[in-house]
Every structure is written in C-alpha cells, then in structure tokens.
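Structure record follows, encoded as structure tokens.
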Amino acid sequence: MEKLLIEGGRPLSGTVEVSGSKNAALPILAAAVLAGKGKCVLRNVPLLKDVDTMGQILRDLGVSCERRADGAIETEVADESKSIARYELVSTMRASFCVLGPLLAKRGYAKVSLPGGCVFGLRPVDLHVKGLKALGAEIELEHGYVVARAPKGRLHGGRVYLGGPFGSSVTGTANVMMAAVLAEGKTIIEGAACEPEIEDLAAFLNHMGATITGIGTPRLVVTGVPELRGTSYNVISDRIEAGTFALAGAITGGTVRLRGAALDHLSAVNDRLEEVGVHVEGDGDDLVVSPNGSAGGRFKAVDVTTLPYPGFPTDLQAQLMAVLAIADGISVITEKIYPDRFMHLAELNRMGANIRKEGPTAIITGVPHLTGADVMASDLRASAALVLAGLIARGQTEIHRVYHIDRGYERIEEKLQKLGAAIRRVKD
Ligand code: EPU
C-alpha cells in the first residue's frame with residue numbers, strides 16, 4: 001500500500017490541465033458493447049484505476065479494449081457470446097453496472113453482479129431495474145446477480161419515470177438510455193438525470209447512430225434503431241477534478257489556472273467559491289481561481305446543499321468541507337444525494353477541524369488553522385478532501401489507503417507538485 005505525505009502551507013500557483021471525465025468515460029466505455037460494425041476510438045479518457053477496471057470488464061464480455069500509443073482507447077466487439085459481469089469486478093466499481101443496459105439491448109441477455117453498498121450508503125439499483133422492465137426486460141435476482149432477458153431477443157420502447165427519493169439516478173438514466181437505443185419503437189424517459197456526463201453519453205450514442213432528443217433535459221426521447229456502429233469521440237473534461245483543483249487553489253490562497261475546465265458545468269461550484277471570498281474568472285476554456293483581495297483574511301462561512309445537476313455536486317461536498325473548516329463562522333452542509341456521505345468528517349476533525357453531523361447535515365464551526373496528522377482515506381472524494389486539508393495544515397499530513405484517490409484522479413500528486421505543493425507518494 002502507499003500513502004501520501006504532504007507538508008502544508010504553500011500557496012499553489014500555475015496551470016493544471018484538466019483530464020477527461022471519469023464519470024462520462026465509464027458509461028461511454030460500457031456503450032462500446034452496443035457497436036455493431038467498426039471500432040470505437042475514444043479520446044480524452046483519463047488514466048485511472050476505474051477505467052482499467054472497465055477495460056477488464058469489457059474484455060471479459062468479448063470486447064477488445066486497448067489504450068493506443070497516442071493515448072486514445074480503442075474498442076471492438078469480437079465475441080458476443082459472453083454476457084456475465086463478475087462480482088469480483090463489479091463489486092470494486094459501481095459504474096460497471098452500466099454494462100447491464102447495453103448487454104440486454106444488444107445480446108438479449110445479461111447477468112451482472114449487484115454492486116452492493118458502499119462506504120457512504122446503500123446505493124440501490126431499483127430505478128435501473130424499473131426502467132429496464134418498462135422496456136420489456138424480464139429481470140430476476142439470483143445469487144447476488146441481476147439476470148435480465150429481452151423476450152424474443154429485443155426490447156421494446158416504453159415510458160418510464162426515473163425520479164427517486166434522492167432525485168434521478170445518473171447511472172440508472174445511462175442504463176435505460178443505452179437499453180432504449182436498440183429497442184423497437186420509442187422510449188420516453190421522464191425524470192432523467194441532467195448531469196453533463198449523461199449529455200456526453202447521449203451525444204456519443206447519437207454519434208454511433210442512435211436517435212436521442214431532449215439531451216440535457218429531464219425528458220429524453222429515444223427512438224430505437226436496428227443497429228449502431230463504432231465511432232470516434234472526445235470525452236468531456238472532468239468537472240469534479242476541475243472543481244477539486246479550484247478548491248485546492250482556493251484553500252491555499254493561491255492562483256491556479258485550470259486549462260480546459262468546462263466552465264458551463266461549474267456554475268454552482270463557482271458560485272460557492274465566490275461566496276466564500278475567492279475570485280473566479282473564465283478565460284476562454286480556462287478557469288482562473290485567485291484570492292479575492294477585497295475579501296481580506298479568512299474565508300466566509302456559507303451554507304451549501306448538494307443537489308442533482310445543476311446544483312452543487314455531492315462529489316465536491318467533501319472538498320468544500322475542507323475549505324469551510326477554516327472559514328470564519330459556522331457553515332452548514334446538507335447532503336441531499338447521499339445522506340451518509342460524511343466519512344471525511346472524523347478525519348478532518350483529527351486535523352483540528354470542528355465539525356459535527358446531525359442526520360444528513362454537517363455543521364462546520366470554522367477554526368483558524370488545521371494541523372497535520374495521520375489520516376485515513378475512506379473513499380475517492382473523501383481522500384481528495386484530506387489532500388486539500390493537508391495542503392493548508394501546519395506540519396505534515398500522512399494520508400493512508402491512498403489507492404482510493406487513484407480511482408478518480410489522474411496523477412494527482414504530480415499535478416499538485418507542478419503547482420508547487422510539497423506532496424509525495426511513498427510506500428506505507
Ligand atoms: N438511487 C436510488 N435508486 C437507484 C439508484 C440510485 O434510490 O436505483 C439513489 C442513490 O442511493 C442516491 C441517488 O439516488 O441517493 C443518486 O444516485 P445515482 O444513481 O445518481 O448515483 P450513481 O449513478 O450510482 C453517479 C456517480 C457518482 C455520483 C452520483 C451522484 C458515476 C460512475 N458515479 O453515481 O460519482 O456521486 O452519480 O451525482 O457516474 C464519484 O465519482 O466519486 C461518484 C461517487
């Protein structure tokens with residue numbers, strides 16, 4: 001195992017390239033199962049552990065998946081006789097459940113392990129199942145697997161509402177949309193997720209020959225086509241990575257240019273940054289984050305509620321909490337997507353923060369400074385929050401179990417080193 005060592009107190013400065021979006025790339029890779037003739041060539045797919053896992057799942061399913069010398073990922077369907085996604089792989093990454101819709105649509109049968117819960121909650125898949133049933137799928141749960149069949153080998157169009165108690169489901173929308181593209185007739189998905197990653201998947205499917213309208217709205221209309229073809233596609237940039245680096249620049253009081261940040265996808269994040277007293281400015285495709293001279297002194301405490309897009313993303317809640325931990329006053333963060341996603345709270349408190357949880361709400365009483373400590377990464381975004389806290393803490397922070405961070409951040413310590421951070425990875 002490895003750990004990250006961070007010496008806090010250096011303002012970040014310089015330019016960082018934003019990588020391709022993990023949460024767009026993963027369902028797009030799953031969609032490669034849908035291709036009839038031809039290869040898919042996917043550019044701007046980040047170099048991440050989760051992408052490697054999806055590649056392994058695709059190869060298990062008879063789809064070749066290799067990264068070329070120029071960095072693009074090339075996939076090609078070679079053998080359609082395999083339709084089982086194993087527990088060993090699906091249990092390590094929930095996004096792999098996204099192969100269910102494509103397998104069912106293209107091969108008429110799928111057996112995909114239930115992903116199970118995760119450290120921040122139950123994370124059910126009932127909305128995925130409801131959507132696929134609306135397209136005629138017959139679905140059973142057998143020995144921890146979802147076993148799905150399309151009667152007579154092909155799904156039919158249907159109408160489904162995908163809103164749940166915590167809003168729509170991002171990967172649920174992905175699964176149902178990918179199943180609908182090859183179904184016979186028209187599918188209407190109401191209450192669809194509007195996240196940019198879903199827009200990107202829909203745009204990719206249309207490049208393959210699908211007919212999806214209403215992209216980016218909660219009402220998607222999919223007119224089924226008999227087949228799709230391989231295509232070339234550029235994945236969007238990662239708004240969560242961009243937001244994490246924006247918050248990293250902010251917490252250190254530095255000036256950071258995020259090259260290729262999708263500004264349109266970051267409105268809620270920029271709004272909160274400005275509110276805490278950070279200057280954010282778009283410059284072409286770049287976002288520049290710098291201290292707000294007139295704000296003076298400490299960050300302002302703010303209240304934040306995580307919401308489906310375009311609201312403030314749950315995937316940046318932990319990182320924002322690190323910033324608010326040193327704000328002047330009391331901030332309140334309410335989690336409306338994952339009420340238990342607060343694993344980072346106790347670790348931030350180990351570093352001197354004063355945060356308590358009441359139900360789905362964290363109450364953060366800002367302290368003047370954090371101190372370096374040994375802390376444990378519990379999940380991907382919690383790890384990022386600890387890195388941010390480490391960058392500003394007095395003394396050294398050691399973040400253990402850092403493998404979580406490699407699931408979603410490409411070379412994070414290298415990118416931070418380039419910005420002047422004293423961070424290194426060592427064996428634990
Ligand atoms: N939910 C249900 N029923 C379902 C599915 C979801 O009740 O069938 C609930 C969930 O429990 C949660 C809410 O609906 O309370 C939203 O979950 P959603 O299904 O949208 O999450 P997801 O698709 O599993 C994706 C991202 C997550 C991100 C969430 C929310 C990918 C691969 N994952 O997960 O990303 O937090 O949307 O935006 O796209 C991350 O990157 O660190 C990460 C966890």
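Labels for the structure tokens follow display order: chains A, B, ..., residues from 1 in each chain, ligands from 1.
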Site check for ligand 1: residues at most 7 Å away, only C-alpha atoms and all ligand atoms, as an MDAnalysis selection string: chainID A and resid 23:24 26 94:95 122:128 164:172 308 313:315 337:338 380:381 408
DSSP on the backbone, strand (DSSP E or B) only: what residues of region 84-297 of chain A does that give? Format it as an NGL selection string. :A and (84-85 or 109-113 or 118 or 121 or 138-142 or 145-149 or 156 or 159-161 or 164-165 or 167 or 184 or 186-190 or 211-213 or 219-223 or 228 or 232-234 or 237 or 255-259 or 278-283 or 286-291)
Surrounding residues of Phe312 (chain A) excluding itself and chain neighbours under 2 positions, 6 Å, only C-alpha atoms, as a PyMOL selection string: chain A and resi 268+306-307
Could you turn the residues from that selection into a file that holds all heavy atoms, as a PDB file, in the first residue's frame?
ATOM      1  N   ALA A 268     -22.389  26.122 -10.180  1.00  0.00           N
ATOM      2  CA  ALA A 268     -22.716  26.034  -8.751  1.00  0.00           C
ATOM      3  C   ALA A 268     -21.444  26.098  -7.908  1.00  0.00           C
ATOM      4  O   ALA A 268     -21.427  26.690  -6.819  1.00  0.00           O
ATOM      5  CB  ALA A 268     -23.461  24.727  -8.458  1.00  0.00           C
ATOM      6  N   THR A 306     -26.148  19.826  -1.314  1.00  0.00           N
ATOM      7  CA  THR A 306     -25.820  19.093  -2.544  1.00  0.00           C
ATOM      8  C   THR A 306     -27.125  18.697  -3.233  1.00  0.00           C
ATOM      9  O   THR A 306     -28.096  18.321  -2.581  1.00  0.00           O
ATOM     10  CB  THR A 306     -24.995  17.826  -2.263  1.00  0.00           C
ATOM     11  OG1 THR A 306     -25.797  16.931  -1.482  1.00  0.00           O
ATOM     12  CG2 THR A 306     -23.716  18.142  -1.517  1.00  0.00           C
ATOM     13  N   LEU A 307     -27.128  18.793  -4.535  1.00  0.00           N
ATOM     14  CA  LEU A 307     -28.337  18.550  -5.322  1.00  0.00           C
ATOM     15  C   LEU A 307     -27.952  17.939  -6.666  1.00  0.00           C
ATOM     16  O   LEU A 307     -26.798  18.052  -7.084  1.00  0.00           O
ATOM     17  CB  LEU A 307     -29.058  19.884  -5.585  1.00  0.00           C
ATOM     18  CG  LEU A 307     -29.734  20.551  -4.378  1.00  0.00           C
ATOM     19  CD1 LEU A 307     -30.122  21.982  -4.719  1.00  0.00           C
ATOM     20  CD2 LEU A 307     -30.956  19.751  -3.946  1.00  0.00           C
TER      21      LEU A 307
END
Give me the residues near Arg67 (chain A) as a list in words, where near means some atom within 10 Å (using only C-alpha atoms) and where sequence neighbours in that chain fewer than 3 positions away do not count.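 Selected residues are Val41, Leu42, Arg43, Val45, Leu47, Asp52, Gly55, Asp70, Gly71, Ala72, Ile73, Glu74 and Thr75 of chain A.
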Shell around Thr252 (chain A) at 9 Å using only C-alpha atoms, local window under 4 positions removed, as a PyMOL selection string: chain A and resi 8-12+247-248+388+391-392
For Ala35 (chain A), please output as a ChimeraX atom specification all residues within 12 Å (counting only C-alpha atoms; exclusion window: fewer than 5 positions along the same chain). /A:28-30,40-41,63-64,75-80,102-103,105-107,178,181-182,204-210,226-232
N, CA, C and O atoms of the current selection, written as a short mmCIF file (atom, residue, chain, number, x, y, z; two decimals), in the first residue's frame:
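This is the output file part.cif:
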data_model
loop_
_atom_site.label_atom_id
_atom_site.label_comp_id
_atom_site.auth_asym_id
_atom_site.auth_seq_id
_atom_site.Cartn_x
_atom_site.Cartn_y
_atom_site.Cartn_z
N ILE A 28 -19.59 5.56 -21.25
CA ILE A 28 -19.29 5.57 -22.70
C ILE A 28 -18.53 4.29 -23.07
O ILE A 28 -18.79 3.67 -24.10
N LEU A 29 -17.61 3.88 -22.20
CA LEU A 29 -16.91 2.61 -22.47
C LEU A 29 -17.89 1.44 -22.45
O LEU A 29 -17.83 0.55 -23.29
N ALA A 30 -18.84 1.48 -21.49
CA ALA A 30 -19.84 0.40 -21.43
C ALA A 30 -20.66 0.38 -22.73
O ALA A 30 -21.05 -0.69 -23.22
N CYS A 40 -14.61 1.63 -31.88
CA CYS A 40 -14.80 2.93 -31.21
C CYS A 40 -13.41 3.45 -30.83
O CYS A 40 -12.59 2.69 -30.30
N VAL A 41 -13.17 4.70 -31.13
CA VAL A 41 -11.91 5.34 -30.72
C VAL A 41 -12.28 6.48 -29.78
O VAL A 41 -12.95 7.44 -30.18
N VAL A 63 -15.20 -7.82 -25.69
CA VAL A 63 -14.94 -6.55 -26.39
C VAL A 63 -13.47 -6.18 -26.14
O VAL A 63 -13.07 -6.03 -24.98
N SER A 64 -12.69 -6.07 -27.22
CA SER A 64 -11.29 -5.69 -27.01
C SER A 64 -11.25 -4.24 -26.56
O SER A 64 -12.08 -3.42 -26.97
N THR A 75 -11.84 0.30 -28.89
CA THR A 75 -12.61 -0.90 -28.51
C THR A 75 -13.20 -1.53 -29.77
O THR A 75 -13.47 -0.83 -30.75
N GLU A 76 -13.38 -2.84 -29.72
CA GLU A 76 -14.06 -3.52 -30.83
C GLU A 76 -14.74 -4.78 -30.30
O GLU A 76 -14.13 -5.55 -29.56
N VAL A 77 -15.97 -4.96 -30.72
CA VAL A 77 -16.71 -6.15 -30.28
C VAL A 77 -16.20 -7.35 -31.07
O VAL A 77 -16.21 -7.34 -32.30
N ALA A 78 -15.72 -8.38 -30.35
CA ALA A 78 -15.16 -9.54 -31.03
C ALA A 78 -16.01 -10.79 -30.82
O ALA A 78 -16.12 -11.64 -31.69
N ASP A 79 -16.66 -10.90 -29.64
CA ASP A 79 -17.36 -12.14 -29.30
C ASP A 79 -18.59 -11.77 -28.47
O ASP A 79 -18.46 -11.23 -27.37
N GLU A 80 -19.76 -12.04 -29.03
CA GLU A 80 -20.99 -11.62 -28.32
C GLU A 80 -21.61 -12.75 -27.51
O GLU A 80 -22.75 -12.64 -27.06
N PRO A 102 -26.62 -2.02 -22.04
CA PRO A 102 -26.09 -2.36 -23.36
C PRO A 102 -26.12 -3.87 -23.65
O PRO A 102 -26.47 -4.28 -24.76
N LEU A 103 -25.79 -4.70 -22.66
CA LEU A 103 -25.80 -6.15 -22.89
C LEU A 103 -27.20 -6.63 -23.24
O LEU A 103 -27.41 -7.40 -24.17
N ALA A 105 -29.68 -4.87 -24.43
CA ALA A 105 -30.15 -4.34 -25.71
C ALA A 105 -29.51 -5.08 -26.88
O ALA A 105 -30.17 -5.37 -27.88
N LYS A 106 -28.22 -5.39 -26.77
CA LYS A 106 -27.51 -5.93 -27.93
C LYS A 106 -27.54 -7.46 -27.97
O LYS A 106 -27.64 -8.06 -29.03
N ARG A 107 -27.45 -8.07 -26.78
CA ARG A 107 -27.31 -9.53 -26.76
C ARG A 107 -28.55 -10.23 -26.23
O ARG A 107 -28.62 -11.46 -26.21
N MET A 178 -29.19 3.54 -22.69
CA MET A 178 -28.40 2.62 -23.54
C MET A 178 -29.23 1.40 -23.96
O MET A 178 -29.00 0.84 -25.02
N VAL A 181 -31.76 2.54 -26.96
CA VAL A 181 -31.30 2.94 -28.31
C VAL A 181 -31.51 1.84 -29.34
O VAL A 181 -31.67 2.13 -30.53
N LEU A 182 -31.50 0.57 -28.91
CA LEU A 182 -31.70 -0.52 -29.87
C LEU A 182 -33.08 -1.16 -29.72
O LEU A 182 -33.38 -2.18 -30.36
N PHE A 204 -22.56 10.73 -27.51
CA PHE A 204 -21.75 9.60 -28.05
C PHE A 204 -22.66 8.58 -28.73
O PHE A 204 -22.38 8.11 -29.84
N LEU A 205 -23.77 8.25 -28.08
CA LEU A 205 -24.70 7.26 -28.67
C LEU A 205 -25.24 7.78 -30.00
O LEU A 205 -25.34 7.03 -30.98
N ASN A 206 -25.55 9.07 -30.07
CA ASN A 206 -26.02 9.63 -31.35
C ASN A 206 -24.94 9.54 -32.42
O ASN A 206 -25.23 9.28 -33.59
N HIS A 207 -23.67 9.73 -32.02
CA HIS A 207 -22.55 9.54 -32.97
C HIS A 207 -22.51 8.12 -33.49
O HIS A 207 -22.08 7.87 -34.60
N MET A 208 -22.94 7.18 -32.66
CA MET A 208 -22.94 5.76 -33.08
C MET A 208 -24.15 5.44 -33.97
O MET A 208 -24.29 4.31 -34.43
N GLY A 209 -25.06 6.41 -34.10
CA GLY A 209 -26.23 6.18 -34.95
C GLY A 209 -27.55 6.15 -34.20
O GLY A 209 -28.59 5.89 -34.80
N ALA A 210 -27.52 6.42 -32.90
CA ALA A 210 -28.76 6.42 -32.12
C ALA A 210 -29.55 7.70 -32.39
O ALA A 210 -29.02 8.66 -32.97
N PRO A 226 -32.17 -0.19 -35.56
CA PRO A 226 -31.79 -1.61 -35.59
C PRO A 226 -30.34 -1.86 -35.19
O PRO A 226 -30.02 -2.89 -34.60
N GLU A 227 -29.45 -0.93 -35.55
CA GLU A 227 -28.06 -1.17 -35.12
C GLU A 227 -27.26 0.12 -35.00
O GLU A 227 -27.62 1.15 -35.55
N LEU A 228 -26.16 0.02 -34.26
CA LEU A 228 -25.25 1.14 -34.08
C LEU A 228 -23.89 0.74 -34.64
O LEU A 228 -23.60 -0.43 -34.81
N ARG A 229 -23.07 1.75 -34.91
CA ARG A 229 -21.72 1.46 -35.44
C ARG A 229 -20.66 2.10 -34.55
O ARG A 229 -20.95 3.04 -33.80
N GLY A 230 -19.44 1.60 -34.68
CA GLY A 230 -18.33 2.20 -33.94
C GLY A 230 -18.10 3.63 -34.41
O GLY A 230 -18.47 3.99 -35.53
N THR A 231 -17.52 4.46 -33.56
CA THR A 231 -17.29 5.85 -33.92
C THR A 231 -16.11 6.41 -33.12
O THR A 231 -15.62 5.77 -32.20
N SER A 232 -15.69 7.63 -33.50
CA SER A 232 -14.63 8.30 -32.72
C SER A 232 -15.27 9.39 -31.89
O SER A 232 -16.21 10.05 -32.35
#
Residues within 10 Å of Glu140 (chain A), please, as a PyMOL selection string. Count only C-alpha atoms; anything in the same chain fewer than 3 positions from it doesn't count. chain A and resi 111+129+137+143+145-149
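With CA of Thr92 (chain A) on one side and CA of Met1 (chain A) on the other, the separation reads 16.7 Å.
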What is the CA of Thr244 (chain A)-CA of Val119 (chain A) distance in Å, reported with one decimal?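 Going from CA of Thr244 (chain A) over to CA of Val119 (chain A), I get 20.4 Å.
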Atomic distance CA of Gly352 (chain A) - CA of Asp271 (chain A), expressed in Å with one decimal: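 CA of Asp271 (chain A) lies at a distance of 26.9 Å from CA of Gly352 (chain A).
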I'd like to know which of A:Gln417, A:Thr217, A:Ser378, A:Thr187 is closest to Val16 (chain A), using only C-alpha atoms.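 Among the listed residues, A:Gln417 lies closest to Val16 (chain A).
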Pull the helix (DSSP H, G or I) assignments for region 25-204 of chain A out of DSSP run on the backbone, and list those residues as a PyMOL selection string. chain A and resi 25-34+49-60+87-90+94-107+126-134+151-153+170-180+196-204
Counting only C-alpha atoms, the residue of A:Gly420, A:Ser267, A:Ile363, A:Phe245 that sits nearest Val302 (chain A): A:Ile363
